[in-house]
Each structure stands twice: as structure tokens, then as C-alpha cells.
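Engineer: Next comes the structure file data25.tsv, holding TSV, C-alpha atoms and all ligand atoms.
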chain	number	residue	atom	x	y	z
A	7	MET	CA	-18.42	-17.92	4.47
A	8	LYS	CA	-19.59	-14.67	6.10
A	9	GLU	CA	-19.45	-11.34	4.27
A	10	CYS	CA	-16.01	-9.81	4.48
A	11	ILE	CA	-13.61	-7.13	3.31
A	12	GLY	CA	-10.76	-8.33	1.07
A	13	ILE	CA	-7.42	-6.53	1.41
A	14	PHE	CA	-4.37	-7.39	-0.67
A	15	ASP	CA	-0.87	-6.36	-1.57
A	16	SER	CA	2.22	-8.08	-2.96
A	17	GLY	CA	3.24	-8.81	0.63
A	18	VAL	CA	3.24	-7.18	4.05
A	19	GLY	CA	2.96	-3.55	2.87
A	20	GLY	CA	-0.82	-3.71	2.91
A	21	LEU	CA	-0.78	-4.87	6.53
A	22	THR	CA	-0.08	-1.23	7.46
A	23	ILE	CA	-3.47	-0.41	5.97
A	24	TYR	CA	-5.09	-3.54	7.36
A	25	ASN	CA	-4.07	-2.48	10.89
A	26	GLU	CA	-5.79	0.91	10.53
A	27	ILE	CA	-8.91	-0.66	9.05
A	28	ARG	CA	-9.03	-3.25	11.82
A	29	ASN	CA	-8.73	-0.45	14.41
A	30	ILE	CA	-11.64	1.58	13.16
A	31	LEU	CA	-13.79	-1.31	11.94
A	32	PRO	CA	-13.54	-3.98	14.67
A	33	ASP	CA	-16.76	-5.67	13.59
A	34	GLU	CA	-15.69	-6.49	10.06
A	35	ASN	CA	-14.54	-9.89	8.89
A	36	ILE	CA	-11.38	-9.34	6.90
A	37	ILE	CA	-9.40	-11.53	4.54
A	38	TYR	CA	-5.83	-10.36	3.92
A	39	LEU	CA	-3.90	-11.79	0.98
A	40	GLY	CA	-0.18	-11.35	0.34
A	41	ASP	CA	0.51	-12.17	-3.32
A	42	TYR	CA	3.98	-13.57	-2.73
A	43	LYS	CA	3.95	-15.54	-5.94
A	44	TYR	CA	4.50	-12.21	-7.73
A	45	ASN	CA	6.21	-10.14	-5.02
A	46	PRO	CA	7.46	-7.48	-5.59
A	47	TYR	CA	4.83	-5.77	-7.74
A	48	GLY	CA	6.99	-2.69	-8.32
A	49	ASN	CA	8.56	-3.90	-11.57
A	50	LEU	CA	5.64	-5.95	-12.98
A	51	THR	CA	4.15	-5.07	-16.39
A	52	THR	CA	0.66	-3.58	-16.54
A	53	GLU	CA	-0.57	-6.81	-18.19
A	54	LYS	CA	0.72	-8.92	-15.32
A	55	LEU	CA	-0.77	-6.54	-12.73
A	56	LEU	CA	-4.12	-6.73	-14.53
A	57	ASP	CA	-4.01	-10.50	-14.60
A	58	ARG	CA	-3.04	-10.85	-10.92
A	59	CYS	CA	-5.50	-8.30	-9.58
A	60	LYS	CA	-8.37	-9.77	-11.61
A	61	LYS	CA	-7.60	-13.24	-10.25
A	62	ILE	CA	-7.30	-11.96	-6.68
A	63	ILE	CA	-10.48	-9.87	-6.72
A	64	SER	CA	-12.46	-12.73	-8.33
A	65	TRP	CA	-11.19	-15.00	-5.56
A	66	PHE	CA	-12.20	-12.46	-2.89
A	67	ILE	CA	-15.68	-12.33	-4.38
A	68	LYS	CA	-15.87	-16.12	-4.15
A	69	GLN	CA	-15.01	-15.71	-0.46
A	70	ASN	CA	-18.03	-13.40	-0.18
A	71	ALA	CA	-16.19	-10.06	-0.19
A	72	LYS	CA	-18.48	-7.01	-0.16
A	73	LEU	CA	-15.60	-4.55	-0.71
A	74	VAL	CA	-11.95	-4.87	-1.75
A	75	VAL	CA	-9.03	-2.67	-0.75
A	76	MET	CA	-6.07	-2.74	-3.15
A	77	ALA	CA	-3.56	-1.91	-0.43
A	78	CYS	CA	-0.85	-1.32	-2.99
A	79	ASN	CA	0.08	1.94	-4.70
A	80	THR	CA	1.67	0.17	-7.67
A	81	ALA	CA	-1.50	-1.76	-8.53
A	82	SER	CA	-3.90	1.08	-7.68
A	83	THR	CA	-2.10	3.80	-9.67
A	84	ASN	CA	-1.88	1.60	-12.75
A	85	ILE	CA	-5.07	-0.41	-13.00
A	86	ILE	CA	-7.75	0.58	-10.50
A	87	SER	CA	-10.08	1.94	-13.21
A	88	GLU	CA	-9.94	-1.38	-15.07
A	89	MET	CA	-10.72	-3.25	-11.85
A	90	ARG	CA	-13.69	-0.98	-11.12
A	91	ASP	CA	-14.97	-1.62	-14.65
A	92	CYS	CA	-14.63	-5.38	-14.16
A	93	PHE	CA	-16.31	-5.83	-10.79
A	94	ASP	CA	-19.55	-4.66	-9.18
A	95	ILE	CA	-18.36	-4.38	-5.60
A	96	PRO	CA	-16.66	-1.19	-4.32
A	97	ILE	CA	-12.89	-1.20	-4.84
A	98	ILE	CA	-10.73	1.16	-2.80
A	99	GLY	CA	-7.22	2.00	-3.91
A	100	VAL	CA	-4.12	3.68	-2.51
A	101	GLU	CA	-2.25	6.53	-4.16
A	102	PRO	CA	0.70	8.65	-3.04
A	103	SER	CA	-0.54	11.68	-1.06
A	104	ILE	CA	0.40	14.25	-3.69
A	105	LYS	CA	-2.45	16.65	-3.02
A	106	PRO	CA	-1.98	16.86	0.78
A	107	ALA	CA	1.77	17.23	0.23
A	108	ALA	CA	1.25	20.04	-2.28
A	109	LEU	CA	-1.11	21.82	0.11
A	110	SER	CA	1.30	21.45	2.99
A	111	THR	CA	4.69	22.42	1.50
A	112	LYS	CA	6.11	25.85	2.34
A	113	THR	CA	9.36	25.44	0.42
A	114	ASN	CA	7.54	24.30	-2.74
A	115	ASN	CA	9.71	21.21	-2.86
A	116	ILE	CA	8.31	17.79	-2.11
A	117	GLY	CA	9.94	14.39	-2.21
A	118	VAL	CA	8.22	11.19	-3.33
A	119	LEU	CA	9.66	7.74	-2.64
A	120	ALA	CA	7.78	5.03	-4.55
A	121	THR	CA	8.19	1.94	-6.71
A	122	LYS	CA	9.09	2.21	-10.38
A	123	GLY	CA	5.58	1.07	-11.28
A	124	THR	CA	4.01	3.91	-9.29
A	125	ILE	CA	6.40	6.64	-10.50
A	126	TYR	CA	5.61	5.79	-14.14
A	127	SER	CA	1.89	5.18	-13.59
A	128	PRO	CA	-0.87	7.23	-15.25
A	129	LYS	CA	-2.61	8.11	-11.96
A	130	PHE	CA	0.51	9.38	-10.23
A	131	ASN	CA	1.43	11.53	-13.22
A	132	GLN	CA	-2.10	12.93	-13.52
A	133	ALA	CA	-2.08	13.86	-9.82
A	134	LYS	CA	1.29	15.54	-10.26
A	135	GLU	CA	0.04	17.52	-13.24
A	136	ILE	CA	-3.05	18.73	-11.40
A	137	PHE	CA	-1.63	19.47	-7.95
A	138	THR	CA	2.05	20.34	-8.37
A	139	LYS	CA	2.08	22.92	-11.16
A	140	ASN	CA	4.42	25.29	-9.32
A	141	ILE	CA	6.01	22.72	-7.09
A	142	ASN	CA	9.27	20.90	-7.58
A	143	VAL	CA	8.74	17.14	-7.13
A	144	ILE	CA	11.81	15.04	-6.43
A	145	GLU	CA	10.87	11.47	-7.30
A	146	VAL	CA	13.03	8.58	-6.23
A	147	ILE	CA	12.46	4.89	-6.98
A	148	GLY	CA	13.03	2.86	-3.83
A	149	GLU	CA	14.65	-0.10	-5.57
A	150	GLY	CA	15.42	-2.90	-3.11
A	151	ILE	CA	13.48	-1.51	-0.15
A	152	VAL	CA	10.49	-3.84	-0.45
A	153	SER	CA	12.69	-6.93	-0.45
A	154	ALA	CA	14.75	-5.63	2.49
A	155	ILE	CA	11.53	-5.19	4.50
A	156	GLU	CA	10.09	-8.54	3.41
A	157	ASN	CA	13.32	-10.30	4.38
A	158	GLY	CA	13.37	-8.88	7.90
A	159	LYS	CA	16.29	-6.52	7.11
A	160	LEU	CA	14.47	-3.33	8.04
A	161	HIS	CA	16.92	-2.46	10.81
A	162	ASP	CA	20.10	-3.53	8.98
A	163	LYS	CA	22.85	-1.02	8.31
A	164	GLU	CA	22.56	-1.69	4.54
A	165	THR	CA	18.90	-0.68	4.57
A	166	PHE	CA	19.75	2.49	6.49
A	167	GLU	CA	22.46	3.38	3.95
A	168	LEU	CA	20.19	2.61	1.00
A	169	LEU	CA	17.49	4.82	2.41
A	170	LYS	CA	19.98	7.59	3.11
A	171	LYS	CA	21.09	7.41	-0.52
A	172	TYR	CA	17.48	7.75	-1.72
A	173	ILE	CA	16.63	10.60	0.66
A	174	THR	CA	19.78	12.71	0.14
A	175	PRO	CA	18.71	14.25	-3.19
A	176	MET	CA	15.43	15.26	-1.54
A	177	LEU	CA	17.24	16.91	1.37
A	178	ASN	CA	19.59	18.65	-1.07
A	179	SER	CA	16.52	20.08	-2.83
A	180	ASN	CA	15.13	21.56	0.40
A	181	VAL	CA	11.99	19.40	0.58
A	182	ASP	CA	9.79	19.94	3.63
A	183	VAL	CA	7.45	17.01	2.87
A	184	ILE	CA	8.32	13.43	1.94
A	185	VAL	CA	5.54	11.28	0.54
A	186	LEU	CA	5.82	7.54	1.05
A	187	GLY	CA	4.22	6.19	-2.11
A	188	CYS	CA	4.35	2.50	-1.29
A	189	THR	CA	2.52	0.78	1.55
A	190	HIS	CA	5.66	-1.12	2.53
A	191	TYR	CA	7.48	2.16	3.17
A	192	THR	CA	5.37	2.97	6.23
A	193	TYR	CA	7.65	0.53	8.07
A	194	LEU	CA	10.55	2.89	7.26
A	195	ILE	CA	9.19	5.82	9.28
A	196	PRO	CA	11.23	5.20	12.48
A	197	ILE	CA	14.40	4.88	10.38
A	198	LEU	CA	13.59	7.90	8.25
A	199	LYS	CA	13.20	9.94	11.40
A	200	LYS	CA	16.87	9.28	12.13
A	201	ILE	CA	17.82	10.60	8.68
A	202	VAL	CA	15.65	13.67	8.17
A	203	PRO	CA	15.25	16.77	10.36
A	204	LYS	CA	12.11	16.92	12.53
A	205	SER	CA	10.80	19.83	10.47
A	206	ILE	CA	10.21	17.53	7.47
A	207	LYS	CA	6.75	15.99	7.31
A	208	ILE	CA	6.57	12.33	6.36
A	209	MET	CA	3.26	11.40	4.75
A	210	ASP	CA	1.61	8.10	4.08
A	211	ASN	CA	-2.08	7.56	3.61
A	212	LYS	CA	-3.06	4.57	5.70
A	213	MET	CA	-5.45	6.55	7.94
A	214	ALA	CA	-7.13	8.15	4.94
A	215	ILE	CA	-7.70	4.76	3.31
A	216	ALA	CA	-9.17	3.30	6.48
A	217	LYS	CA	-11.55	6.26	6.83
A	218	GLN	CA	-12.51	6.00	3.18
A	219	THR	CA	-13.26	2.28	3.64
A	220	LYS	CA	-15.52	3.05	6.58
A	221	LYS	CA	-17.26	5.86	4.69
A	222	VAL	CA	-18.00	3.65	1.68
A	223	LEU	CA	-19.34	0.83	3.86
A	224	GLU	CA	-21.56	3.33	5.70
A	225	GLU	CA	-22.86	4.90	2.50
A	226	LYS	CA	-23.66	1.52	0.99
A	227	LYS	CA	-25.16	0.28	4.27
A	228	LEU	CA	-22.70	-2.58	4.33
A	229	LEU	CA	-21.26	-2.14	7.82
A	230	ALA	CA	-21.04	-5.31	9.91
A	231	THR	CA	-22.39	-5.33	13.44
A	232	ASN	CA	-20.81	-8.32	15.19
A	233	LYS	CA	-17.23	-8.76	16.29
A	234	GLY	CA	-15.18	-9.57	13.21
A	235	SER	CA	-12.24	-11.88	12.63
A	236	THR	CA	-9.32	-11.93	10.19
A	237	LYS	CA	-7.91	-14.66	7.98
A	238	PHE	CA	-4.48	-14.35	6.39
A	239	TYR	CA	-3.62	-15.93	3.05
A	240	THR	CA	-0.58	-16.08	0.82
A	241	THR	CA	-0.06	-17.28	-2.75
A	242	SER	CA	3.38	-18.71	-1.96
A	243	THR	CA	4.89	-20.29	1.13
A	244	LYS	CA	8.11	-18.35	0.45
A	245	ASN	CA	7.42	-15.43	2.77
A	246	LYS	CA	8.06	-14.16	6.26
A	247	MET	CA	4.56	-12.78	6.80
A	248	LYS	CA	4.48	-14.23	10.33
A	249	LEU	CA	7.17	-11.76	11.38
A	250	PHE	CA	4.60	-9.02	10.85
A	251	ILE	CA	1.51	-10.56	12.43
A	252	ASN	CA	0.95	-12.56	15.60
A	253	SER	CA	3.08	-15.62	14.82
A	254	LYS	CA	0.44	-17.97	16.29
A	255	ILE	CA	-2.03	-16.99	13.59
A	256	ALA	CA	-2.14	-19.29	10.56
A	257	VAL	CA	-1.19	-17.99	7.11
A	258	VAL	CA	-3.04	-20.21	4.65
A	259	LEU	CA	-1.70	-21.04	1.20
A	260	CYS	CA	-4.10	-20.22	-1.58
A	261	ASN	CA	-3.42	-21.42	-5.11
A	262	LEU	CA	-3.94	-18.45	-7.39
B	301	LIG	N1	3.30	-2.29	-1.32
B	301	LIG	C1	3.09	-2.11	-2.70
B	301	LIG	C2	2.96	-0.67	-3.11
B	301	LIG	O1	2.37	0.08	-2.36
B	301	LIG	C3	3.90	-3.01	-3.60
B	301	LIG	C4	5.36	-2.91	-3.52
B	301	LIG	C5	6.02	-3.96	-4.35
B	301	LIG	O2	5.64	-5.12	-4.25
B	301	LIG	O3	6.93	-3.61	-5.13
B	301	LIG	O4	3.35	-0.27	-4.17
I'd like the structure from this file rewritten - as C-alpha cells, please.
Structural biologist:
Amino acid sequence: MKECIGIFDSGVGGLTIYNEIRNILPDENIIYLGDYKYNPYGNLTTEKLLDRCKKIISWFIKQNAKLVVMACNTASTNIISEMRDCFDIPIIGVEPSIKPAALSTKTNNIGVLATKGTIYSPKFNQAKEIFTKNINVIEVIGEGIVSAIENGKLHDKETFELLKKYITPMLNSNVDVIVLGCTHYTYLIPILKKIVPKSIKIMDNKMAIAKQTKKVLEEKKLLATNKGSTKFYTTSTKNKMKLFINSKIAVVLCNL
């Protein structure tokens, strides 16, 4: 198997990052894995996250991965340091954009929508401590959103109402920035735009992660030079991943 980049998430959230990486790195071979056996990751224990991510990254390395992107805030904010200690290849993670949000707010109120795992994670809380000393952070756990997205219910009225419920306390606190701290939540942007005034900035970090991936590959002289291809894998057949990619493309079951 040719050298490749491994990208993974609990499901389709990481595809938002995959799409950006594919856009700016067309020559790379990419393997995308949705870990549906353990989806959602948001309420998993740290031990389980460690176990899953170790298994997945080891598998990527067997597939000849030269770099891995943990396209999941929950996993990255809890265990990326352990993964970097375990493996020799570069590992890129995703964290809620707390610093850019803190630099951008004028009202000194920012909202963060993320999974429970991310809200309680060491990395998220360290970032908050460093960058939001004089800023009011309204954190909301987006319980149920990942499964609504995974089950094709993104545009349902129930999802709209759920999101409205989560965003209302932020609006009541006069936030001018909302950070989407879960890669799945990028899919919510068109719906969020119907709920929040135009003046509120909605931030995710998919572009930043793609640029960081390119930068690391350049620095390590690992950039590919021929047209790349993508393979999609899942750890369970119980998923609707094909709704999010070209449905003619195979999603291969991988026993992890
Ligand atoms: N998309 C992931 C994240 O960024 C995981 C969400 C989940 O599975 O709960 O946190």
C-alpha cells in the first residue's frame, strides 16, 4: 500500500476536515475511518478513548500512514499527548478555537458548543484558562446533535429546536462569537445561521487543521507528488456514511 494520510473520527464529523485536506492536498492518498463501533465518542471514558485511538492509529500505520489527523475534538482534547508519546509519526489534532474566539470577541462573551468529553477535557480547560481570563465563556454540551446528524436528521424540526435550546443561553449572554467544538457541528452552520443574528461569528477550525497538515508534511518533506486517492473505512456496518460521500464509493468494513 502506498504512503497515505490517516484521518479518523467517530463518524462523519471528520469528513468536514477531510474535505478541506483533500482540497488543498490533491496529491495525497488518504484513508478515512469512521469508528462507528464506538460512535458517539462524546460520552466515552478516557480509557476507552485511549484504547480506540491506539488501535486505530496502529492500524493506520500498518496501512503505511505517514501522518494521522485525529479529526475529533473529543479524542484530541483528552488524549493527543498520549498518542504522540506512543507513535513516531506526526499526529495532528483538533481543538475548539478558543484563542481566535477570545481575540475576536468585542462583547467579551463567547459561546462554545461541544461534546461532554471536550467540555470536561484537560486541553479545553487549559486553553480557557490561558486565553479567556477576562472573558465570559458560555459552554453548552450538544447532547443528541451527533446522533441527529449521523441519522440524517440534520434538517428535521426537532434538530432545529434542540439547537435553538442550546444556543439561547448564549444569545441571552450577548455572545458575539460561537465556537463549534465538535467536527460534526460544522454541518449545523446553515441551520445556525437561521437562529443567530448575522453579526455573530461562527467558528470552526477545519481550514486551520488542513493548513497545519500541509505545513507539517512540507516541513517533514513528506508531501506526495502524484494524484492521490481516498479509501473510506468503517468499524461497523451500522452507519449512514454514504449519505455524506459520493454514494458510489465503497465504504469498507474494518475489524478493529
Ligand atoms: N466529531 C467528534 C468531535 O469532534 C466526535 C463527536 C462524538 O462522536 O460524540 O468531538
Engineer: I'd like the interatomic distance between atom CA of A:Leu198 and atom CA of A:His161, to a tenth of an Å.
Structural biologist: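 Atom-to-atom, atom CA of A:Leu198 and atom CA of A:His161 are spaced 11.2 Å apart.
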Engineer: Collect all residues with atoms no farther than 7 Å from ligand LIG 301 (chain B), counting only C-alpha atoms and all ligand atoms, and output them as a short mmCIF file (atom, residue, chain, number, x, y, z; two decimals) with C-alpha atoms, in the frame of the given file.
Structural biologist:
data_model
loop_
_atom_site.label_atom_id
_atom_site.label_comp_id
_atom_site.auth_asym_id
_atom_site.auth_seq_id
_atom_site.Cartn_x
_atom_site.Cartn_y
_atom_site.Cartn_z
CA ASP A 15 -0.87 -6.36 -1.57
CA SER A 16 2.22 -8.08 -2.96
CA GLY A 17 3.24 -8.81 0.63
CA GLY A 19 2.96 -3.55 2.87
CA GLY A 20 -0.82 -3.71 2.91
CA ASN A 45 6.21 -10.14 -5.02
CA PRO A 46 7.46 -7.48 -5.59
CA TYR A 47 4.83 -5.77 -7.74
CA GLY A 48 6.99 -2.69 -8.32
CA ASN A 49 8.56 -3.90 -11.57
CA ALA A 77 -3.56 -1.91 -0.43
CA CYS A 78 -0.85 -1.32 -2.99
CA ASN A 79 0.08 1.94 -4.70
CA THR A 80 1.67 0.17 -7.67
CA ALA A 81 -1.50 -1.76 -8.53
CA ALA A 120 7.78 5.03 -4.55
CA THR A 121 8.19 1.94 -6.71
CA THR A 124 4.01 3.91 -9.29
CA VAL A 152 10.49 -3.84 -0.45
CA GLY A 187 4.22 6.19 -2.11
CA CYS A 188 4.35 2.50 -1.29
CA THR A 189 2.52 0.78 1.55
CA HIS A 190 5.66 -1.12 2.53
#
Engineer: Name the residues in contact with A:Ala216 at a cut-off of 12 Å, using all atoms listed in the file, excluding same-chain residues fewer than 6 positions from it; report them as a PyMOL selection string.
Structural biologist: chain A and resi 11+13+20-32+74-77+98-100+222-223
Engineer: Go through A:Lys122, A:Lys171, A:Lys139, A:Arg58 one by one, measure the shortest atom-to-atom distance of each to A:Ile201 using all atoms listed in the file, and give the residue with the smallest value.
Structural biologist: A:Lys171
Engineer: Between atom CA of A:Phe93 and atom CA of A:Ser64, what is the spacing in Å?
Structural biologist: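 Value for the atom CA of A:Ser64-atom CA of A:Phe93 distance: 8.3 Å.
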